[in-house]
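S.K.: Structure provided below as structure tokens; questions to follow.
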Amino acid sequence: MEQQIAKALLSIGAVFLRPQEPFTWASGIKSPIYCDNRLTLTAPQVRDLIETGLMELVQREYPDCQVLMGTSTAGIPHAAIVAHMMGLPMGYVRSGAKDHGRTNQIEGKLDKGQKVVVIEDLISTGGSVIEVVQVLREAGADVLGIASIFTYGMAKGLQRLAEAQVKNVSLCNFDILAQVAADSGYIQPGQVRQLLRFRDNPSDPIWMEEV
């Protein structure tokens with residue numbers, strides 16, 4: 001499944017690798033990878049593969065799940081589709097409380113004690129999804145963990161998840177994607193080590209040096 005997802009994401013450009021001509025993040029960091037998993041929504045075959053994968057992941061890793069909660073905004077459509085497939089309630093968590101109406105931050109009915117799985121599209125440093133988990137916990141939810149499409153597996157993200165005592169299971173990860181990309185001709189085999197050096201320390205431009 002991990003390799004299938006990697007091939008699918010690469011095939012539609014949802015994950016695009018360009019180590020020879022890095023992208024520039026808002027922070028100024030040079031990155032060999034660009035992720036836009038929203039593109040999966042406009043590719044029906046890839047979308048079906050991902051939603052089926054997320055459903056099976058939730059069933060296997062979180063069998064007691066009672067509610068799916070999407071992250072705003074990228075996780076919302078995936079949470080909605082998977083919840084429909086599983087016959088489960090679904091909601092989502094805003095990045096901040098509304099400044100009007102009922103000033104909700106959690107949208108959808110959520111009862112205290114309900115067992116929740118958070119659906120996320122991409123995990124890098126983990127900051128935003130952990131905030132979602134904290135909001136749900138403060139509302140009385142029993143957050144079982146996260147189900148995500150893709151994770152970088154960055155040390156900072158893994159450390160934050162561990163400190164927050166949050167489990168994450170992803171359909172695909174950076175290591176698998178890099179190897180599949182090399183095997184499929186998207187990048188040169190020697191560039192896999194470059195990608196992994198970036199993953200290990202994104203802020204250090206040494207990864208751009210040829211291996």
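Chain lettering (A, B, ...) mirrors the order of the structure tokens, residue numbering begins at 1 for each chain separately, and ligand numbering begins at 1 in order of display.
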List every residue of region 56-83 of chain A that has an atom at most 12 Å from any atom of region 130-135 of chain A, giving for each one its closest atom pair and the distance in Å to one decimal, counting only C-alpha atoms, sorted by chain and then by ascending residue number, as a tab-separated table.
M.R.:
residue	atom	partner	partner_atom	distance
A:Leu68	CA	A:Val133	CA	11.9
A:Met69	CA	A:Val132	CA	9.1
A:Gly70	CA	A:Val132	CA	9.0
A:Thr71	CA	A:Val132	CA	6.9
A:Ser72	CA	A:Val132	CA	9.0
A:Thr73	CA	A:Val132	CA	11.7
A:Gly75	CA	A:Val132	CA	11.2
S.K.: Write out as a PDB file with C-alpha atoms, in the first residue's frame all residues of chain A that DSSP puts in strand (DSSP E or B) for this structure's backbone.
M.R.:
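What ended up in states.pdb:
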ATOM      1  CA  VAL A  15       4.238  15.165  -4.347  1.00  0.00           C
ATOM      2  CA  PHE A  16       6.844  16.614  -6.676  1.00  0.00           C
ATOM      3  CA  LEU A  17      10.575  16.014  -6.223  1.00  0.00           C
ATOM      4  CA  PHE A  23      11.652  24.978  -4.035  1.00  0.00           C
ATOM      5  CA  THR A  24      11.831  27.843  -1.521  1.00  0.00           C
ATOM      6  CA  LYS A  30      15.372  25.324   0.268  1.00  0.00           C
ATOM      7  CA  SER A  31      13.351  22.156  -0.209  1.00  0.00           C
ATOM      8  CA  ILE A  33      10.007  18.411  -2.308  1.00  0.00           C
ATOM      9  CA  TYR A  34       6.679  20.087  -2.932  1.00  0.00           C
ATOM     10  CA  CYS A  35       3.483  18.581  -1.512  1.00  0.00           C
ATOM     11  CA  VAL A  67     -15.959   9.967  15.195  1.00  0.00           C
ATOM     12  CA  LEU A  68     -13.634  11.271  12.477  1.00  0.00           C
ATOM     13  CA  MET A  69     -12.407  14.862  12.729  1.00  0.00           C
ATOM     14  CA  GLY A  70     -10.684  16.552   9.807  1.00  0.00           C
ATOM     15  CA  THR A  71      -8.012  19.202  10.072  1.00  0.00           C
ATOM     16  CA  MET A  90     -17.665  13.493  11.036  1.00  0.00           C
ATOM     17  CA  GLY A  91     -16.641  17.013  11.938  1.00  0.00           C
ATOM     18  CA  TYR A  92     -13.641  19.280  11.670  1.00  0.00           C
ATOM     19  CA  VAL A  93     -11.527  21.629  13.740  1.00  0.00           C
ATOM     20  CA  ILE A 106     -14.991  22.423  16.543  1.00  0.00           C
ATOM     21  CA  GLU A 107     -17.651  22.009  13.867  1.00  0.00           C
ATOM     22  CA  LYS A 115     -13.285   8.218  20.725  1.00  0.00           C
ATOM     23  CA  VAL A 116     -11.934  10.358  17.896  1.00  0.00           C
ATOM     24  CA  VAL A 117      -9.459   9.861  15.068  1.00  0.00           C
ATOM     25  CA  VAL A 118      -8.032  12.964  13.390  1.00  0.00           C
ATOM     26  CA  ILE A 119      -7.681  12.852   9.593  1.00  0.00           C
ATOM     27  CA  GLU A 120      -4.757  14.869   8.219  1.00  0.00           C
ATOM     28  CA  ASP A 121      -3.301  15.084   4.719  1.00  0.00           C
ATOM     29  CA  LEU A 122       0.329  15.923   5.495  1.00  0.00           C
ATOM     30  CA  ILE A 123       2.547  15.912   8.584  1.00  0.00           C
ATOM     31  CA  ASP A 142     -10.701  10.731  23.730  1.00  0.00           C
ATOM     32  CA  VAL A 143      -8.312  11.190  20.805  1.00  0.00           C
ATOM     33  CA  LEU A 144      -7.095   7.771  19.720  1.00  0.00           C
ATOM     34  CA  GLY A 145      -4.623   9.179  17.206  1.00  0.00           C
ATOM     35  CA  ILE A 146      -4.082  10.522  13.713  1.00  0.00           C
ATOM     36  CA  ALA A 147      -4.510   8.929  10.306  1.00  0.00           C
ATOM     37  CA  SER A 148      -2.626  10.832   7.610  1.00  0.00           C
ATOM     38  CA  ILE A 149      -1.870  10.458   3.930  1.00  0.00           C
ATOM     39  CA  PHE A 150       1.820  11.391   4.016  1.00  0.00           C
ATOM     40  CA  THR A 151       4.479  12.144   6.603  1.00  0.00           C
ATOM     41  CA  ASN A 168       0.161   8.892  13.967  1.00  0.00           C
ATOM     42  CA  VAL A 169      -0.115   6.299  11.236  1.00  0.00           C
ATOM     43  CA  SER A 170       0.419   7.364   7.609  1.00  0.00           C
ATOM     44  CA  LEU A 171      -0.364   5.741   4.290  1.00  0.00           C
ATOM     45  CA  CYS A 172       3.042   6.748   2.941  1.00  0.00           C
ATOM     46  CA  ASN A 173       6.269   8.273   4.213  1.00  0.00           C
TER      47      ASN A 173
END
S.K.: Let me make sure I understand: among A:Glu138, A:Ile176, A:Glu21, A:Gln59, which one has the smallest atom-to-atom distance to Met1 (chain A) if we use only C-alpha atoms?
M.R.: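 Going through A:Glu138, A:Ile176, A:Glu21, A:Gln59 one by one, the smallest distance to Met1 (chain A) is for A:Ile176.
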S.K.: Let me make sure I understand: among A:Ser95, A:Ala141, A:Ala6, A:Met154, which one has the smallest atom-to-atom distance to Ser124 (chain A) if we use only C-alpha atoms?
M.R.: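 For Ser124 (chain A), the nearest of the candidates is A:Met154.
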S.K.: Near Thr40 (chain A), counting only C-alpha atoms, which residues have an atom at most 7 Å away, once you skip same-chain residues fewer than 5 positions from it, shown as JSON, numbers by chain?
M.R.: {"A": [14, 46, 47]}
S.K.: Keeping N, CA, C and O atoms for every residue in the selection just given, could you write it to a file as an mmCIF file, in the first residue's frame?
M.R.:
data_model
loop_
_atom_site.group_PDB
_atom_site.id
_atom_site.type_symbol
_atom_site.label_atom_id
_atom_site.label_comp_id
_atom_site.auth_asym_id
_atom_site.auth_seq_id
_atom_site.Cartn_x
_atom_site.Cartn_y
_atom_site.Cartn_z
ATOM 1 N N ALA A 14 1.105 15.424 -6.923
ATOM 2 C CA ALA A 14 0.719 15.834 -5.574
ATOM 3 C C ALA A 14 1.952 15.925 -4.682
ATOM 4 O O ALA A 14 2.024 16.750 -3.774
ATOM 5 N N VAL A 46 -6.900 7.945 -7.875
ATOM 6 C CA VAL A 46 -5.986 8.162 -6.749
ATOM 7 C C VAL A 46 -6.777 8.444 -5.477
ATOM 8 O O VAL A 46 -6.456 7.940 -4.395
ATOM 9 N N ARG A 47 -7.816 9.238 -5.621
ATOM 10 C CA ARG A 47 -8.672 9.564 -4.469
ATOM 11 C C ARG A 47 -9.283 8.297 -3.876
ATOM 12 O O ARG A 47 -9.280 8.109 -2.657
#
S.K.: Among region 13-208 of chain A, which residues does DSSP mark as helix (DSSP H, G or I) when it is run on the backbone? Keep the chain and numbering as in the structure and answer as a ChimeraX atom specification.
M.R.: /A:37-42,44-61,75-86,127-138,155-163,174-183,191-200,205-208
S.K.: Which one of A:Glu210, A:Thr42, A:Glu56, A:Ala139 sits closest to Gln188 (chain A) if you count only C-alpha atoms?
M.R.: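 Closest to Gln188 (chain A), using only C-alpha atoms: A:Glu210.
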S.K.: Using only C-alpha atoms, pick whichever of A:Ala83, A:Ala74, A:Leu196, A:Ile12 has the shortest atom-to-atom distance to Thr52 (chain A).
M.R.: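 Selected residue with least distance to Thr52 (chain A): A:Ala83.
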